[in-house]
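Reviewing the structure listed below.
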Amino acid sequence: MKSTLVDAITTLFMIQRWNFLPRVETWVEAENVAYSAHIGFALLCETIEDRSEFKKMAFDYVAYETLKPLTKHFLSDVPYKFKRALNKLLTDRSLQTWEEKVQARALEDTLPLFPRMIRPQVKQYLVMSSEPRIKSLIKYVQRRTALQECETNSNVYREYYSGYIKEIKKDIEEFCASDPWMKKLDDAFTQYDKPGETGDPEVDKIPGYIKLIRNLKYLRRWNRINRSMETNVLSHTYVVTLLAIMFTWMHEQDNDFGIEALQRALFHDFPEALTGDIITPVKEIIKREYPTEKNLWTDIESELAVIPIKKLIVESKLSKYIDENHLLEDVSDREKNSAASLVKDCDRMALAIECIQEDLVAKIPLEMSTVYPDYLEELQNSEWPHIREFAAKLATRYGLVSSID
């Protein structure tokens, strides 16, 4: 049976980074992708003055970060030192490089994961970007995330990681010395990585904007259920962003719609870094028990998360951009044919995929087994035709038709 997009997503939930070294903190590929996308988005917002240029670059960067890793479903996570050594040997023997031969084959295998109608768009993001600043941003963020992983693990396994830390820091220093654009990125990263210094005791407890993104990794989804395949808010963000890009293209929406959908997907659960992952039944109880307070949950979220986040980055260009585009507001489908409506359905689709993943690897818990048919049924009533079609295919392939009926 051929691989599906769900299979590839599941692989990125399981591939562990730095799996050739002992670790105290494990990152899987889906978490790293969403984390990198968030960091790159913030750095671009801070360093690109022209808003239309920023939106194009942000879409291209996040799409590249989101789609390119799907080739790892076929290749796994090959250490860069192995690729470097292999490329050297191949060059010495006048043979095609790793990227020219093996990555090209992985690209051919990855494209069929997507509907035929959008494969041309997908294909351009499965190879390295030709835009110099995008390439520089990718290199910079890759080093920064790798450095953070190494520094955390070196607290226990210093002898294993000290050499990598020196090497990565040297790379960053050389990047900044040789490329003014890299220096701008480094200055922006330093700005967003600083802890709060606002005079507000609650805000100043926050270790920094970038570390706040990182906190989404520790928010376990379905937290009251004993699961075989754990997921968190950061990896969930990856799936919603991937689906938002895919369905934007499938519905032939324009670039403005595309960036709006992408950024709403990227930020849709960001407040949970401070509120925690409040499950839907709790929100429903709040609405039911306090019917006269229609905006009570919104007010709680604003008090605990939205206001502190804005204060934390108050001097930044990102703060203004978040305000202008309502990125910390709840995503809903109240406004028809909107980017928010599409992202809301992508959020539902991501939840259904999590349930399918659990069903594939273990006996699915009762709560999940009763929830995902309902979500698939909702999706089959979506206003978006390709979402309805995709949900029907999921239901058929994974044996859920009888549950829905």
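Labeling convention for the structure tokens: chains A, B, ... as they appear, residues from 1 per chain, ligands from 1 in order of appearance.
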
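All residues of protein, DNA or RNA that reach within 7 Å of region 215-219 of chain A, judged by only C-alpha atoms and not counting those fewer than 2 positions away in the chain, are A:Glu31, A:Lys211, A:Leu212, A:Ile213, A:Arg221, A:Asn232, A:Val233, A:Leu234, A:Ala273, A:Gly276, A:Asp277.
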
Print the selection's residues with all heavy atoms to a file, as a compact mmCIF listing (two decimals), in the first residue's frame.
# COMPACT_ATOMS: atom_id res chain seq x y z
N GLU A 31 8.09 18.92 15.89
CA GLU A 31 8.27 20.00 16.87
C GLU A 31 9.30 21.01 16.36
O GLU A 31 9.09 22.22 16.43
CB GLU A 31 8.74 19.42 18.20
CG GLU A 31 7.75 18.50 18.87
CD GLU A 31 8.37 17.66 19.98
OE1 GLU A 31 9.62 17.67 20.12
OE2 GLU A 31 7.61 16.98 20.70
N LYS A 211 11.64 31.53 23.94
CA LYS A 211 11.45 30.44 24.91
C LYS A 211 9.97 30.18 25.16
O LYS A 211 9.58 29.07 25.53
CB LYS A 211 12.19 30.75 26.21
CG LYS A 211 13.71 30.76 26.05
CD LYS A 211 14.41 31.02 27.37
CE LYS A 211 15.93 31.00 27.19
NZ LYS A 211 16.42 32.12 26.37
N LEU A 212 9.16 31.21 24.97
CA LEU A 212 7.71 31.03 25.09
C LEU A 212 7.20 30.11 23.98
O LEU A 212 6.34 29.25 24.21
CB LEU A 212 7.02 32.40 25.01
CG LEU A 212 5.60 32.51 25.56
CD1 LEU A 212 5.56 32.11 27.02
CD2 LEU A 212 5.11 33.94 25.40
N ILE A 213 7.71 30.29 22.77
CA ILE A 213 7.36 29.37 21.68
C ILE A 213 7.77 27.94 22.07
O ILE A 213 7.02 26.98 21.89
CB ILE A 213 8.08 29.76 20.38
CG1 ILE A 213 7.71 31.17 19.96
CG2 ILE A 213 7.74 28.78 19.25
CD1 ILE A 213 8.61 31.75 18.87
N ARG A 221 -0.99 17.26 24.53
CA ARG A 221 -2.40 17.22 24.15
C ARG A 221 -3.05 15.94 24.67
O ARG A 221 -2.38 14.95 24.91
CB ARG A 221 -2.52 17.31 22.62
CG ARG A 221 -2.25 18.73 22.13
CD ARG A 221 -2.12 18.84 20.63
NE ARG A 221 -3.30 18.39 19.89
CZ ARG A 221 -4.38 19.12 19.69
NH1 ARG A 221 -4.46 20.35 20.18
NH2 ARG A 221 -5.40 18.65 18.98
N ASN A 232 2.02 17.13 21.24
CA ASN A 232 1.98 18.37 21.99
C ASN A 232 1.52 19.51 21.09
O ASN A 232 1.30 19.32 19.89
CB ASN A 232 3.35 18.67 22.63
CG ASN A 232 4.47 18.68 21.59
OD1 ASN A 232 4.38 19.37 20.58
ND2 ASN A 232 5.52 17.90 21.83
N VAL A 233 1.37 20.67 21.67
CA VAL A 233 0.81 21.80 20.93
C VAL A 233 1.74 22.23 19.80
O VAL A 233 1.29 22.65 18.73
CB VAL A 233 0.51 22.98 21.88
CG1 VAL A 233 0.04 24.20 21.10
CG2 VAL A 233 -0.55 22.58 22.90
N LEU A 234 3.05 22.12 20.00
CA LEU A 234 4.00 22.53 18.96
C LEU A 234 3.90 21.62 17.74
O LEU A 234 3.86 22.09 16.60
CB LEU A 234 5.42 22.52 19.53
CG LEU A 234 6.49 23.29 18.75
CD1 LEU A 234 6.07 24.73 18.51
CD2 LEU A 234 7.82 23.24 19.48
N ALA A 273 0.74 28.79 25.39
CA ALA A 273 2.04 28.77 26.05
C ALA A 273 1.95 29.36 27.46
O ALA A 273 2.77 29.04 28.33
CB ALA A 273 3.06 29.56 25.22
N GLY A 276 -2.02 27.30 29.13
CA GLY A 276 -2.13 25.84 29.15
C GLY A 276 -3.13 25.39 28.10
O GLY A 276 -3.83 26.20 27.49
N ASP A 277 -3.17 24.09 27.86
CA ASP A 277 -4.06 23.52 26.84
C ASP A 277 -5.42 23.27 27.47
O ASP A 277 -5.68 22.20 28.03
CB ASP A 277 -3.45 22.21 26.31
CG ASP A 277 -4.27 21.62 25.16
OD1 ASP A 277 -5.09 22.35 24.60
OD2 ASP A 277 -4.09 20.43 24.85

Quick one: everything within 9 Å of Val28 (chain A), counting only C-alpha atoms, minus sequence neighbours fewer than 4 positions away in the same chain. Send it as a PDB file with C-alpha atoms, in the first residue's frame.
ATOM      1  CA  LEU A  12       7.739  13.402  11.527  1.00  0.00           C
ATOM      2  CA  PHE A  13       6.066  12.853  14.908  1.00  0.00           C
ATOM      3  CA  MET A  14       8.438   9.948  15.556  1.00  0.00           C
ATOM      4  CA  ILE A  15      11.801  10.900  14.009  1.00  0.00           C
ATOM      5  CA  GLN A  16      14.035  11.998  16.855  1.00  0.00           C
ATOM      6  CA  ARG A  17      16.765  14.558  16.337  1.00  0.00           C
ATOM      7  CA  ASN A  32      11.473  21.390  15.381  1.00  0.00           C
ATOM      8  CA  VAL A  33       9.699  22.413  12.169  1.00  0.00           C
ATOM      9  CA  SER A 235       3.724  19.394  16.806  1.00  0.00           C
TER      10      SER A 235
END

Applying 12 Å and only C-alpha atoms, which residues near Ser332 (chain A) remain after dropping the ones on its own chain fewer than 5 positions away? List them as a list in words. Arg264, Ala265, His268, Asn337, Ser338, Ala339, Ala340, Ser341, Leu342, Val343, Lys344, Asp345, Cys346, Asp347 and Arg348 of chain A

Neighbours of Phe257 (chain A) within 8 Å (only C-alpha atoms; same-chain residues fewer than 4 positions away dropped), as JSON, numbers by chain? {"A": [248, 253, 261, 339]}

Could you save those same residues with N, CA and C atoms as an mmCIF file, in the first residue's frame?
data_model
loop_
_atom_site.group_PDB
_atom_site.id
_atom_site.type_symbol
_atom_site.label_atom_id
_atom_site.label_comp_id
_atom_site.auth_asym_id
_atom_site.auth_seq_id
_atom_site.Cartn_x
_atom_site.Cartn_y
_atom_site.Cartn_z
ATOM 1 N N THR A 248 -5.097 25.935 1.023
ATOM 2 C CA THR A 248 -5.073 27.243 0.356
ATOM 3 C C THR A 248 -4.792 27.052 -1.128
ATOM 4 N N GLN A 253 -6.641 29.946 -3.764
ATOM 5 C CA GLN A 253 -6.727 31.262 -3.145
ATOM 6 C C GLN A 253 -5.487 32.089 -3.487
ATOM 7 N N ALA A 261 -3.806 32.738 6.054
ATOM 8 C CA ALA A 261 -4.086 31.394 6.562
ATOM 9 C C ALA A 261 -2.856 30.810 7.252
ATOM 10 N N ALA A 339 -9.926 33.133 5.713
ATOM 11 C CA ALA A 339 -8.741 32.350 6.079
ATOM 12 C C ALA A 339 -8.935 31.717 7.456
#

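In terms of minimum interatomic distance to Ile353 (chain A), A:Thr10 ranks closest within A:Gln148, A:Thr10, A:Asn87, A:Thr66, counting only C-alpha atoms.
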
Give the alpha helix (DSSP H) residues of region 201-268 of chain A, as assigned by DSSP on the backbone, as a VMD selection string. chain A and resid 209 to 215 233 to 250 255 to 267

Name all residues at most 8 Å from Lys205 (chain A) (count only C-alpha atoms; drop same-chain ones fewer than 2 positions away) and give them as a ChimeraX atom specification. /A:195-196,201-203,207

Can I get the selection written as a PDB file, in the first residue's frame, with C-alpha atoms?
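What ended up in selection_18.pdb:
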ATOM      1  CA  PRO A 195      13.606  37.692  29.255  1.00  0.00           C
ATOM      2  CA  GLY A 196      10.939  40.183  30.212  1.00  0.00           C
ATOM      3  CA  PRO A 201       6.117  40.987  37.762  1.00  0.00           C
ATOM      4  CA  GLU A 202       3.974  38.537  35.776  1.00  0.00           C
ATOM      5  CA  VAL A 203       5.480  39.471  32.420  1.00  0.00           C
ATOM      6  CA  PRO A 207      12.066  33.923  30.038  1.00  0.00           C
TER       7      PRO A 207
END
